[in-house]
Each structure stands twice: as C-alpha cells, then as structure tokens.
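Next comes final-v5.pdb, with PDB, C-alpha atoms, pLDDT in the B column.
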ATOM      1  CA  MET P   1      96.552 102.369  92.768  1.00 93.00           C
ATOM      2  CA  ARG P   2      97.591  99.217  94.509  1.00 93.00           C
ATOM      3  CA  GLU P   3      95.328 100.050  97.475  1.00 95.00           C
ATOM      4  CA  LEU P   4      92.369 100.518  95.132  1.00 96.00           C
ATOM      5  CA  GLU P   5      92.981  97.180  93.447  1.00 94.00           C
ATOM      6  CA  GLU P   6      90.900  95.240  95.976  1.00 91.00           C
ATOM      7  CA  LYS P   7      88.393  97.845  97.135  1.00 96.00           C
ATOM      8  CA  ALA P   8      87.267 101.445  96.604  1.00 97.00           C
ATOM      9  CA  TYR P   9      88.231 104.065  99.187  1.00 97.00           C
ATOM     10  CA  PHE P  10      87.535 107.579 100.337  1.00 97.00           C
ATOM     11  CA  PRO P  11      90.635 109.838 100.282  1.00 97.00           C
ATOM     12  CA  SER P  12      90.538 110.112 104.082  1.00 96.00           C
ATOM     13  CA  GLU P  13      90.815 106.310 104.341  1.00 97.00           C
ATOM     14  CA  LEU P  14      93.812 106.324 101.992  1.00 98.00           C
ATOM     15  CA  VAL P  15      95.492 109.013 104.112  1.00 98.00           C
ATOM     16  CA  ILE P  16      95.331 106.662 107.099  1.00 97.00           C
ATOM     17  CA  ARG P  17      96.255 103.484 105.204  1.00 96.00           C
ATOM     18  CA  LEU P  18      99.180 105.062 103.341  1.00 97.00           C
ATOM     19  CA  LYS P  19     100.306 107.382 106.149  1.00 97.00           C
ATOM     20  CA  LEU P  20     100.490 110.342 103.754  1.00 97.00           C
ATOM     21  CA  SER P  21      99.154 113.879 103.943  1.00 98.00           C
ATOM     22  CA  PHE P  22      95.690 114.618 102.615  1.00 96.00           C
ATOM     23  CA  SER P  23      97.107 117.015 100.012  1.00 97.00           C
ATOM     24  CA  SER P  24      99.529 114.364  98.743  1.00 98.00           C
ATOM     25  CA  VAL P  25      96.768 111.764  98.434  1.00 98.00           C
ATOM     26  CA  SER P  26      94.449 114.265  96.722  1.00 95.00           C
ATOM     27  CA  LYS P  27      97.082 115.317  94.186  1.00 97.00           C
ATOM     28  CA  ASN P  28      97.898 111.728  93.308  1.00 97.00           C
ATOM     29  CA  LEU P  29      94.234 110.731  93.022  1.00 97.00           C
ATOM     30  CA  LYS P  30      93.686 113.647  90.641  1.00 96.00           C
ATOM     31  CA  LYS P  31      96.671 112.637  88.474  1.00 98.00           C
ATOM     32  CA  LEU P  32      95.573 108.983  88.359  1.00 98.00           C
ATOM     33  CA  GLU P  33      92.016 110.017  87.483  1.00 97.00           C
ATOM     34  CA  GLU P  34      93.223 112.334  84.701  1.00 97.00           C
ATOM     35  CA  ARG P  35      95.113 109.386  83.205  1.00 97.00           C
ATOM     36  CA  GLY P  36      92.049 107.151  83.387  1.00 97.00           C
ATOM     37  CA  LEU P  37      93.636 104.744  85.874  1.00 98.00           C
ATOM     38  CA  ILE P  38      91.105 105.366  88.628  1.00 98.00           C
ATOM     39  CA  THR P  39      87.605 106.817  88.662  1.00 98.00           C
ATOM     40  CA  CYS P  40      85.581 108.837  91.127  1.00 97.00           C
ATOM     41  CA  GLU P  41      82.372 106.949  91.903  1.00 96.00           C
ATOM     42  CA  THR P  42      80.752 110.072  93.392  1.00 96.00           C
ATOM     43  CA  PRO P  43      81.741 112.927  91.049  1.00 92.00           C
ATOM     44  CA  ASN P  44      78.818 115.206  91.948  1.00 94.00           C
ATOM     45  CA  VAL P  45      79.568 115.494  95.658  1.00 93.00           C
ATOM     46  CA  LYS P  46      81.916 118.096  97.070  1.00 89.00           C
ATOM     47  CA  LYS P  47      83.008 116.061 100.082  1.00 89.00           C
ATOM     48  CA  GLY P  48      83.047 112.310 100.418  1.00 90.00           C
ATOM     49  CA  LYS P  49      84.385 111.382  96.996  1.00 95.00           C
ATOM     50  CA  PHE P  50      84.833 107.641  96.555  1.00 96.00           C
ATOM     51  CA  TYR P  51      87.526 106.238  94.232  1.00 98.00           C
ATOM     52  CA  SER P  52      88.015 102.900  92.531  1.00 98.00           C
ATOM     53  CA  ILE P  53      90.461 101.484  90.007  1.00 98.00           C
ATOM     54  CA  THR P  54      89.536 101.242  86.311  1.00 98.00           C
ATOM     55  CA  ASP P  55      90.186  98.345  83.963  1.00 97.00           C
ATOM     56  CA  GLY P  56      93.053 100.409  82.547  1.00 97.00           C
ATOM     57  CA  GLY P  57      94.520 100.792  86.024  1.00 97.00           C
ATOM     58  CA  ARG P  58      94.239  97.045  86.594  1.00 97.00           C
ATOM     59  CA  GLU P  59      96.025  96.427  83.302  1.00 97.00           C
ATOM     60  CA  ILE P  60      98.900  98.718  84.331  1.00 96.00           C
ATOM     61  CA  LEU P  61      99.270  96.881  87.651  1.00 96.00           C
ATOM     62  CA  TYR P  62      99.199  93.531  85.837  1.00 96.00           C
ATOM     63  CA  LEU P  63     101.922  94.674  83.432  1.00 96.00           C
ATOM     64  CA  LEU P  64     104.050  96.013  86.297  1.00 95.00           C
ATOM     65  CA  ASP P  65     103.718  92.741  88.182  1.00 94.00           C
ATOM     66  CA  LYS P  66     104.554  90.768  85.064  1.00 92.00           C
ATOM     67  CA  HIS P  67     107.613  92.934  84.401  1.00 93.00           C
ATOM     68  CA  ASN P  68     108.811  92.721  88.012  1.00 92.00           C
ATOM     69  CA  ASN P  69     108.439  88.940  88.084  1.00 90.00           C
ATOM     70  CA  SER P  70     110.388  88.299  84.880  1.00 81.00           C
TER      71      SER P  70
END
Is it possible to express this structure as structure tokens?
Amino acid sequence: MRELEEKAYFPSELVIRLKLSFSSVSKNLKKLEERGLITCETPNVKKGKFYSITDGGREILYLLDKHNNS
C-alpha cells in the first residue's frame, strides 16, 4: 500500500519496484482490494489493471505512522 500512496501503478511496475514475484504482488493486491484498501481503476480489462489506494487505505497508513511515531 505504501507504494500506492503517492501514485497508482500497474502490477508489473510493482513487481519491479518491490522486487517480488508477479504472483506475490497479484495475491496481495487482491487481498488489499477485497478489504477496500486499494481499488482497481480498470476493472473491465483482463490485462493492464491499474491500482490506486483508497481513502480507507490512506487512513490505515496514517494510523500506522501515528502508532509507530508515538
């Protein structure tokens, strides 16, 4: 989620940025989307999905930062 905080990404870009396997990135994106923390901006395409963080995801990151800084 932290990567999506500043900008939306394609899964393939996250694979490169995070140095993780495509399957790992895909599984985590799916879990985050199911929890409403990120959203797919292109849900009707099979390939080339584009993900961004939701307000709920931003709130979670804010709370984590606040907790870690206290």
I'd like the residues picked by the PyMOL selection byres ((chain P and resi 26-40) around 9) written out as a PDB file with C-alpha atoms, in the frame of the given file, using the chain letters and numbers from the file.
ATOM      1  CA  MET P   1      96.552 102.369  92.768  1.00 93.00           C
ATOM      2  CA  LEU P   4      92.369 100.518  95.132  1.00 96.00           C
ATOM      3  CA  PRO P  11      90.635 109.838 100.282  1.00 97.00           C
ATOM      4  CA  SER P  21      99.154 113.879 103.943  1.00 98.00           C
ATOM      5  CA  PHE P  22      95.690 114.618 102.615  1.00 96.00           C
ATOM      6  CA  SER P  23      97.107 117.015 100.012  1.00 97.00           C
ATOM      7  CA  SER P  24      99.529 114.364  98.743  1.00 98.00           C
ATOM      8  CA  VAL P  25      96.768 111.764  98.434  1.00 98.00           C
ATOM      9  CA  GLU P  41      82.372 106.949  91.903  1.00 96.00           C
ATOM     10  CA  THR P  42      80.752 110.072  93.392  1.00 96.00           C
ATOM     11  CA  PRO P  43      81.741 112.927  91.049  1.00 92.00           C
ATOM     12  CA  LYS P  49      84.385 111.382  96.996  1.00 95.00           C
ATOM     13  CA  PHE P  50      84.833 107.641  96.555  1.00 96.00           C
ATOM     14  CA  TYR P  51      87.526 106.238  94.232  1.00 98.00           C
ATOM     15  CA  SER P  52      88.015 102.900  92.531  1.00 98.00           C
ATOM     16  CA  ILE P  53      90.461 101.484  90.007  1.00 98.00           C
ATOM     17  CA  THR P  54      89.536 101.242  86.311  1.00 98.00           C
ATOM     18  CA  ASP P  55      90.186  98.345  83.963  1.00 97.00           C
ATOM     19  CA  GLY P  56      93.053 100.409  82.547  1.00 97.00           C
ATOM     20  CA  GLY P  57      94.520 100.792  86.024  1.00 97.00           C
ATOM     21  CA  ARG P  58      94.239  97.045  86.594  1.00 97.00           C
ATOM     22  CA  ILE P  60      98.900  98.718  84.331  1.00 96.00           C
TER      23      ILE P  60
END
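Atom CA of Ser12 of chain P sits 26.1 Å away from atom CA of Tyr62 of chain P.
Between atom CA of Gly48 of chain P and atom CA of Phe10 of chain P lies a distance of 6.5 Å.
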Item to check | Which of P:Asn44, P:Ala8, P:Leu18, P:Arg2 sits closest to Leu64 of chain P [using only C-alpha atoms] | outcome: P:Arg2
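Atom to atom, atom CA of Asn69 of chain P and atom CA of Glu3 of chain P stand 19.6 Å apart.
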Return as JSON the box centre and box size in Å, one decimal, for an axis-aligned box around all listed atoms of segment 40-43 of chain P padded by 3 Å per side.
{"center_x": 83.2, "center_y": 109.9, "center_z": 92.2, "size_x": 10.8, "size_y": 12.0, "size_z": 8.3}
